[in-house]
There are 2 protein chains.
Amino acid sequence: MSKTSTIPLDRKRSRSTRKRSKRTDEICDKIKARIVERKMQLGDRLPQEADLIAEFGASRSTVREALKGMEAQGLISIKTGPAGGAFISKMEETHAMELLSNLFFFKQPTINDIYQLRKKLEPELAASLIGKLDDNDFKRLEDTISLYILPASTKGEEYQQRLAELDFHITLSDLCPNPLLGFVCNFLQNLLKNLSLCKQIYEKPNPVLREHALHYQVRLLQALKLQDKESVEEIMYNHMCAAQDYMIKCEAKLKREFLKLDPASGQGDASNKIQ
Amino acid sequence: MSKTSTIPLDRKRSRSTRKRSKRTDEICDKIKARIVERKMQLGDRLPQEADLIAEFGASRSTVREALKGMEAQGLISIKTGPAGGAFISKMEETHAMELLSNLFFFKQPTINDIYQLRKKLEPELAASLIGKLDDNDFKRLEDTISLYILPASTKGEEYQQRLAELDFHITLSDLCPNPLLGFVCNFLQNLLKNLSLCKQIYEKPNPVLREHALHYQVRLLQALKLQDKESVEEIMYNHMCAAQDYMIKCEAKLKREFLKLDPASGQGDASNKIQ
DNA sequence: ATCTATTTGTACGTATGTATT
DNA sequence: AAATACATACGTACAAATAGA
């Protein structure tokens, strides 16, 4: 307990009175600043804990908390062992989507909200793929489709097919040359997938939906091969409209069933109680 | 050092050999699970550190690191003092955008990437406002415009005007009834704002750009008041096209200037070296 | 308004786990 | 197989913030 009273006092009063930034955040900011200053690149390693401790004059726990925070944000990844440490890491799309999901957890978008965007973006995405797909890509897409070209026999198969249908769209997003467009579309699909309404819909077998999706996707592939931009956009747009229409109907149906079962809750806004 | 050897040994071997999850992450997951299980609401407080320590049988620092991670993700916010602790918090849009920015830090979208989305979404956003704006909203928008209705006299004023121009779009996003659409548009604007190219462009006075923006925005407000959907969409779309066109030209110009100054780097992909 | 109690925030020392060489 | 270099975990002590008496 020799050097307990080092600097901790004049730290926050030095700037202005309401400098709320805790030491942890302060260090976090400094590390970030360090990264941009020194133009650190993707795989670069930043100093090890001990050095950071020395550099900032903070304790181990404080530094670790700062690093943990950055790790949670996907900025760095930490490895143990010799030559380990904190490395600048490329944020994973999946991770980013998880974080974004938190934003929309408490103000959940409606089906219509999601499709308002999808109707604009999915056609654009599909069109942007024209002329960019090689044989390999086409094969990948066709393989996905083949998973549900036949009606499912078991319930498990049914569900697998649903996932494959989504995979088709996800594959398209992956191939998109515009990273922004690909990400947003992917995120919208993800959002949809996690809606409890969707889960309910997906659980019960639905030959009509499967038929629809299949039909659209086969036609889409054809149009893509022919590099027919207008058709591609139109097919995808119609697909989106049909999907939206279908989901809205399902939602209404589920709501009616719910009301029948429990008429007391008729006044509540049941549609927002998803997830 | 009495109870140092409590449980730490059989922890990870109990499940399977490659249980990589660090204790911190494990606790983080458990806390998240707890939140959904008990259907915790927005302002709810989760147990305080001491209780979590007892519940998980972990040390203080470990629990704190887990909490810090969740705080960095915007899931909780932590307050000190009596009745303090970790509270379920609504994630701020600004925070979410910061996190998302990290994703696009290393695979930066181009001007065209950004405008490909904006051209589709901004008209949609503007149209979605029709019939939803009250006098107050209109006043807010007009006030923003009034900030740059006259040419700037000083350089500082010039920059302020640029920010006000962006504010106009941000205000529109805020008013959008579709949270997804509003967020994405807002994010795109943000992305644009942080492009170093943009910063360069914005720094030098530019009467033509100002004139353009002003022109479009005045017309847009009129069309919004008249609830003329087609006009609204068209005006915004043209605005986007003009903006994109302008920025691409600026980019090319800056690149040429750069090459003149430093012809050696002619081979490199200078346009991607933004930020 | 000051004090007090409660709860988070920071510091530090030590021991243990883990991956590289 | 052992040494090494690093993160991970634990525990205690004290500092700072804040709600409530």
# chains A, B, ... in the order shown; residues from 1 in each chain; ligands from 1
call {"tool": "interface_residues", "arguments": {"of": "chain C", "to": "chain A", "cutoff": "7 Å", "atoms": "only C-alpha atoms (C1' of nucleotides)", "output": "list in words"}}
result
DT10, DA11, DT18, DA19 and DT20 of chain C
call {"tool": "write_last_selection", "arguments": {"atoms": "C-alpha atoms (C1' of nucleotides)", "output": "PDB file, in the first residue's frame"}}
result
ATOM      1  C1'  DT C  10      -9.663   1.473  -9.242  1.00  0.00           C
ATOM      2  C1'  DA C  11      -5.421  -0.578  -7.559  1.00  0.00           C
ATOM      3  C1'  DT C  18      -2.443 -21.678 -22.128  1.00  0.00           C
ATOM      4  C1'  DA C  19       0.024 -21.619 -26.261  1.00  0.00           C
ATOM      5  C1'  DT C  20       4.627 -21.070 -28.433  1.00  0.00           C
TER       6       DT C  20
END
call {"tool": "closest_atom_pairs", "arguments": {"of": "chain D", "to": "chain A", "cutoff": "10 Å", "atoms": "only C-alpha atoms (C1' of nucleotides)", "output": "CSV"}}
result
residue,atom,partner,partner_atom,distance
D:DT4,C1',A:Pro82,CA,7.5
D:DA5,C1',A:Pro82,CA,4.3
D:DC6,C1',A:Gly81,CA,4.4
D:DA7,C1',A:Thr80,CA,4.6
D:DT8,C1',A:Thr80,CA,8.5
D:DA13,C1',A:Met1,CA,8.6
D:DC14,C1',A:Thr4,CA,8.4
D:DA15,C1',A:Pro8,CA,8.7
D:DA16,C1',A:Leu9,CA,9.7
call {"tool": "interface_residues", "arguments": {"of": "chain A", "to": "chain B", "cutoff": "8 Å", "atoms": "only C-alpha atoms", "output": "PyMOL selection string"}}
result
chain A and resi 42+61+64-66+68-75+90-93+96+99-100+102-103+106-107+109+113-114+117+120-121+178-181
call {"tool": "write_last_selection", "arguments": {"atoms": "C-alpha atoms", "output": "mmCIF file, in the first residue's frame"}}
result
data_model
loop_
_atom_site.group_PDB
_atom_site.id
_atom_site.type_symbol
_atom_site.label_atom_id
_atom_site.label_comp_id
_atom_site.auth_asym_id
_atom_site.auth_seq_id
_atom_site.Cartn_x
_atom_site.Cartn_y
_atom_site.Cartn_z
ATOM 1 C CA LEU A 42 -5.734 -5.162 -39.528
ATOM 2 C CA SER A 61 -8.110 -4.587 -13.888
ATOM 3 C CA ARG A 64 -8.445 -5.305 -18.836
ATOM 4 C CA GLU A 65 -11.905 -3.817 -18.530
ATOM 5 C CA ALA A 66 -11.065 -1.378 -21.277
ATOM 6 C CA LYS A 68 -12.822 -6.300 -22.739
ATOM 7 C CA GLY A 69 -15.024 -3.466 -23.824
ATOM 8 C CA MET A 70 -13.225 -3.115 -27.110
ATOM 9 C CA GLU A 71 -13.359 -6.840 -27.621
ATOM 10 C CA ALA A 72 -17.107 -6.789 -27.096
ATOM 11 C CA GLN A 73 -17.332 -4.137 -29.764
ATOM 12 C CA GLY A 74 -15.453 -6.364 -32.146
ATOM 13 C CA LEU A 75 -12.506 -4.006 -32.441
ATOM 14 C CA LYS A 90 -11.840 -7.129 -38.641
ATOM 15 C CA MET A 91 -15.308 -7.016 -37.240
ATOM 16 C CA GLU A 92 -17.411 -9.954 -38.321
ATOM 17 C CA GLU A 93 -20.668 -9.199 -40.057
ATOM 18 C CA ALA A 96 -22.182 -6.527 -36.111
ATOM 19 C CA LEU A 99 -25.015 -5.728 -31.878
ATOM 20 C CA LEU A 100 -27.482 -4.041 -34.192
ATOM 21 C CA ASN A 102 -29.913 -4.914 -29.646
ATOM 22 C CA LEU A 103 -30.914 -1.574 -31.064
ATOM 23 C CA PHE A 106 -37.021 -2.561 -27.719
ATOM 24 C CA LYS A 107 -38.391 -0.737 -30.712
ATOM 25 C CA PRO A 109 -39.888 -2.947 -36.495
ATOM 26 C CA ASP A 113 -41.234 -1.810 -41.856
ATOM 27 C CA ILE A 114 -38.888 -4.584 -42.844
ATOM 28 C CA LEU A 117 -36.799 -1.728 -47.138
ATOM 29 C CA LYS A 120 -36.376 -1.451 -52.440
ATOM 30 C CA LEU A 121 -33.117 -3.191 -51.723
ATOM 31 C CA ASN A 178 -21.512 -3.451 -52.554
ATOM 32 C CA PRO A 179 -20.658 -4.295 -48.944
ATOM 33 C CA LEU A 180 -23.229 -1.902 -47.577
ATOM 34 C CA LEU A 181 -26.055 -3.237 -49.647
#
call {"tool": "select_by_dssp", "arguments": {"residues": "region 34-201 of chain B", "states": "helix (DSSP H, G or I)", "output": "VMD selection string"}}
result
chain B and resid 34 to 37 49 to 56 60 to 72 93 to 103 111 to 128 135 to 146 155 to 175 179 to 194 196 to 201
call {"tool": "write_last_selection", "arguments": {"atoms": "C-alpha atoms", "output": "compact mmCIF listing (two decimals), in the first residue's frame"}}
result
# COMPACT_ATOMS: atom_id res chain seq x y z
CA ARG B 34 -31.15 -14.38 -17.45
CA ILE B 35 -32.44 -11.22 -19.03
CA VAL B 36 -34.53 -13.00 -21.64
CA GLU B 37 -35.66 -15.73 -19.28
CA GLU B 49 -22.04 -7.20 -8.39
CA ALA B 50 -21.95 -8.91 -5.02
CA ASP B 51 -24.97 -11.03 -5.85
CA LEU B 52 -23.69 -11.92 -9.29
CA ILE B 53 -20.40 -12.93 -7.74
CA ALA B 54 -22.27 -15.21 -5.38
CA GLU B 55 -24.56 -16.53 -8.10
CA PHE B 56 -21.78 -17.43 -10.52
CA ARG B 60 -15.23 -9.51 -8.74
CA SER B 61 -13.02 -8.65 -11.68
CA THR B 62 -14.41 -11.43 -13.81
CA VAL B 63 -17.96 -10.33 -13.24
CA ARG B 64 -17.01 -6.75 -13.84
CA GLU B 65 -15.34 -7.57 -17.11
CA ALA B 66 -18.48 -9.30 -18.25
CA LEU B 67 -20.56 -6.29 -17.31
CA LYS B 68 -18.12 -3.95 -18.98
CA GLY B 69 -18.48 -5.92 -22.17
CA MET B 70 -22.23 -5.64 -22.08
CA GLU B 71 -21.99 -1.96 -21.36
CA ALA B 72 -19.76 -1.50 -24.40
CA GLU B 93 -28.83 5.09 -32.23
CA THR B 94 -25.62 7.07 -32.13
CA HIS B 95 -23.95 4.31 -30.20
CA ALA B 96 -25.17 1.72 -32.65
CA MET B 97 -23.80 3.74 -35.53
CA GLU B 98 -20.42 3.99 -33.89
CA LEU B 99 -20.32 0.24 -33.54
CA LEU B 100 -21.41 -0.25 -37.12
CA SER B 101 -18.75 2.14 -38.32
CA ASN B 102 -16.18 -0.29 -37.05
CA LEU B 103 -17.51 -2.88 -39.45
CA ILE B 111 -19.10 6.93 -52.76
CA ASN B 112 -21.05 4.95 -55.29
CA ASP B 113 -21.79 2.19 -52.82
CA ILE B 114 -23.28 4.68 -50.43
CA TYR B 115 -25.32 6.46 -53.05
CA GLN B 116 -26.60 3.25 -54.51
CA LEU B 117 -28.47 2.85 -51.26
CA ARG B 118 -29.30 6.48 -50.71
CA LYS B 119 -30.90 6.81 -54.12
CA LYS B 120 -33.27 4.03 -53.22
CA LEU B 121 -33.93 4.91 -49.62
CA GLU B 122 -33.97 8.66 -49.24
CA PRO B 123 -36.89 9.10 -51.65
CA GLU B 124 -38.71 6.36 -49.80
CA LEU B 125 -37.99 8.05 -46.52
CA ALA B 126 -39.18 11.41 -47.73
CA ALA B 127 -42.36 9.90 -49.12
CA SER B 128 -43.03 8.10 -45.86
CA ASP B 135 -46.62 22.42 -37.98
CA ASN B 136 -43.92 21.92 -35.45
CA ASP B 137 -42.02 19.53 -37.68
CA PHE B 138 -42.25 21.86 -40.62
CA LYS B 139 -41.01 24.70 -38.52
CA ARG B 140 -38.07 22.62 -37.40
CA LEU B 141 -37.14 21.86 -40.97
CA GLU B 142 -37.55 25.44 -42.09
CA ASP B 143 -35.39 26.66 -39.25
CA THR B 144 -32.66 24.32 -40.37
CA ILE B 145 -32.85 25.63 -43.90
CA SER B 146 -32.80 29.22 -42.77
CA LYS B 155 -15.03 30.23 -43.46
CA GLY B 156 -16.43 29.19 -40.12
CA GLU B 157 -19.91 30.09 -41.30
CA GLU B 158 -19.33 28.04 -44.41
CA TYR B 159 -18.63 24.95 -42.39
CA GLN B 160 -21.60 25.56 -40.14
CA GLN B 161 -23.80 25.68 -43.20
CA ARG B 162 -22.52 22.34 -44.36
CA LEU B 163 -23.42 20.81 -41.05
CA ALA B 164 -26.84 22.39 -41.23
CA GLU B 165 -27.39 20.85 -44.64
CA LEU B 166 -26.70 17.47 -43.16
CA ASP B 167 -28.95 18.29 -40.26
CA PHE B 168 -31.80 18.65 -42.66
CA HIS B 169 -31.46 15.05 -43.71
CA ILE B 170 -30.89 13.89 -40.19
CA THR B 171 -34.06 15.64 -39.10
CA LEU B 172 -35.97 13.83 -41.82
CA SER B 173 -34.59 10.52 -40.60
CA ASP B 174 -35.62 11.31 -37.08
CA LEU B 175 -39.16 11.95 -38.16
CA PRO B 179 -37.32 3.00 -37.39
CA LEU B 180 -35.33 0.80 -39.71
CA LEU B 181 -35.52 3.13 -42.63
CA GLY B 182 -34.70 6.11 -40.48
CA PHE B 183 -31.72 4.40 -38.97
CA VAL B 184 -30.23 3.18 -42.22
CA CYS B 185 -30.56 6.58 -43.87
CA ASN B 186 -29.05 8.21 -40.86
CA PHE B 187 -26.19 5.79 -40.89
CA LEU B 188 -25.48 6.40 -44.54
CA GLN B 189 -25.31 10.11 -43.92
CA ASN B 190 -22.98 9.51 -41.05
CA LEU B 191 -20.78 7.32 -43.13
CA LEU B 192 -20.58 9.99 -45.75
CA LYS B 193 -19.80 12.66 -43.22
CA ASN B 194 -16.86 10.71 -41.89
CA SER B 196 -12.15 12.03 -45.41
CA LEU B 197 -13.02 12.90 -48.97
CA CYS B 198 -16.13 14.56 -47.67
CA LYS B 199 -14.23 16.41 -45.06
CA GLN B 200 -11.95 17.78 -47.73
CA ILE B 201 -14.84 18.79 -49.89
call {"tool": "atom_distance", "arguments": {"atom1": "CA of Lys249 (chain A)", "atom2": "CA of Lys39 (chain B)"}}
result
27.8 Å
call {"tool": "residues_around", "arguments": {"residues": "DA21 (chain D)", "least_positions_apart": "5", "cutoff": "10 Å", "atoms": "only C-alpha atoms (C1' of nucleotides)", "output": "list in words"}}
result
DC3, DT4 and DA5 of chain C
call {"tool": "atom_distance", "arguments": {"atom1": "CA of His239 (chain B)", "atom2": "CA of Leu209 (chain B)"}}
result
10.9 Å
call {"tool": "select_by_dssp", "arguments": {"residues": "region 20-107 of chain A", "states": "strand (DSSP E)", "output": "JSON, numbers by chain"}}
result
{"A": [45, 46, 76, 77, 78, 79, 85, 86, 87, 88]}
